[in-house]
Structures are given as C-alpha cells and as structure tokens.
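Encoded as structure tokens, the structure appears first; notes follow it.
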Amino acid sequence: MTNQRPQTPGRGAGSGGGRGRQPGGFGLGPEGECWCPRCNKKIPHKRGVPCYEEKCPECGGPMTRAR
Ligand SMILES: [Zn+2]
C-alpha cells in the first residue's frame with residue numbers, strides 16, 4: 001500500500017479559526033435591545049442578562065425585549 005500524504009509545512013502560518021468576525025458598528029447585533037415600555041427607552045442588551053432583569057436607566061422600571 002502506498003499511502004502518500006502531503007506534508008504540511010508547519011502549522012504556524014497564522015490563518016486559523018473562522019470565528020472572530022465582528023461587525024464594526026453598533027446596532028442590531030445578535031443580542032438585540034431591551035426596551036422600556038414606560039418611557040420608550042432602548043438600551044443595548046447585555047449578554048447573559050435577560051431584558052426583564054435590566055432596569056431602565058431613565059425610570060428604573062423593568063425592561064422588555066425589543067426587536
Ligand atoms: Zn423607562
């Protein structure tokens with residue numbers, strides 16, 4: 001059996017990983033926004049914090065998920 005595998009010249013070329021793409025900008029990310037129904041305030045949603053646990057910076061009320 002002749003099994004020839006091409007040799008890869010080292011593995012430090014520096015092009016690895018496909019995740020690391022960040023959209024340059026502030027807006028509708030995957031996280032969305034939280035919205036205050038009382039005063040119509042919107043804040044960017046924080047990772048790991050549900051909107052209903054956020055408090056509106058304006059009125060201190062509970063926020064809800066906005067689209
Ligand atoms: Zn509010």
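Numbering starts fresh at 1 for the residues of each chain in the structure tokens, the chains themselves are lettered A, B, ... in the order given, and ligands are numbered from 1 as they appear.
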Within 8 Å of ligand 1, counting only C-alpha atoms and all ligand atoms, residues as an MDAnalysis selection string: chainID A and resid 35:41 55:63
Just the number, please: distance in Å from atom CA of A:Thr64 to atom CA of A:Pro44, one decimal. 11.4 Å
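The space separating atom CA of A:Ala66 from atom CA of A:Gly32 comes to 6.9 Å.
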